[in-house]
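Peer 1: The structure under discussion is supplied below as structure tokens; questions concerning it will follow.
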Amino acid sequence: QLVQKDTNEVFTGIIKVEDSRTSLGDNGMVIWSDNDVVSIFKKSGYHQKYKVEKGGNANATFKYAGESQEHNVELDKNYAVYPYSDEHTITAEKKFELDLSSLENQVYTENSFENGESVMTAKSANTELYFYNALSMIRFKLWSDVPGAYSINKITLTSANNNLNGEASVDMTPDKPVAIFNGTGTKTSTLTAGEAVVLTTSGSID
């Protein structure tokens, strides 16, 4: 049963580290984007959708943006995860259970990462949520000795041991939680360019 509750409460999302959110600014700082949404599991036991009121900065104000869902878990703090999903859950042991299967195929964005694919989590006793990265970001460069010799359409990363996508758990007990992939998913992740990137002697892929 859906119950509407606490519609006027305002949360403030603060990015704690630089390499975290859905896009990078010119100076390397991570910024929120307009209409980004997060899942907030409140101490009241409700899982709710909150939306960024105004993006373009490392700090953002979240406003209530959807009907409440009773979650039936006793929590000692407010817990949040980005990006939003109505399928996210959190256990009584303070562990997020997330479906990150979308990470199997991502879209290349120059000097950044695909919008909505950087997973962050936060916990707080009040309405200030300090978000931390739950995943790592890899940065690499490719270049050619001969201008125009190669064009790149996609790059596939392969892990020898651990999955790179699928169902994941995030233990919110430590100060800096990390996503651990479970048995589902694959050990590969493919980065696809909308248009082929042509390598030059002076240019590179970031």
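Chains: A, B, ... in order of the structure tokens. Residues: from 1 per chain. Ligands: from 1, in order shown.
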Near His88 (chain A), within 12 Å and counting only C-alpha atoms, which residues show up once chain neighbours fewer than 3 positions away are dropped, as JSON, numbers by chain?

Peer 2: {"A": [38, 39, 40, 41, 47, 48, 49, 69, 71, 79, 80, 81, 82, 83, 84, 85, 91, 95, 96, 97, 98, 99, 100, 121, 167, 168, 169, 170]}

Peer 1: With only C-alpha atoms as the counted atoms, please give the residues lying no more than 7 Å from Thr173 (chain A), apart from itself and same-chain residues fewer than 2 positions off, as a ChimeraX atom specification.

Peer 2: /A:94,171,175

Peer 1: For CA of Arg139 (chain A) and CA of Asn182 (chain A), quote the distance in Å rounded to one decimal.

Peer 2: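 Spanning CA of Arg139 (chain A) to CA of Asn182 (chain A) is a straight-line distance of 24.7 Å.
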
Peer 1: Any chance you could list, as a PyMOL selection string, the residues in chain A that come up strand (DSSP E) when DSSP is run on the backbone?

Peer 2: chain A and resi 2-3+11-15+23-24+30-31+37-41+46-52+59-64+68-70+78-82+89-90+95-100+105-107+120-124+128-133+151-158+166-171+179-181+188-198

Peer 1: Any idea what the distance is between CA of Pro174 (chain A) and CA of Asn59 (chain A)?

Peer 2: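 These atoms are spaced 22.8 Å apart.
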
Peer 1: Which of these, A:Ile138, A:Val107, A:Leu157, A:Val73, has the shortest distance to Thr186 (chain A) once you count only C-alpha atoms?

Peer 2: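 Smallest distance to Thr186 (chain A) is found for A:Leu157.
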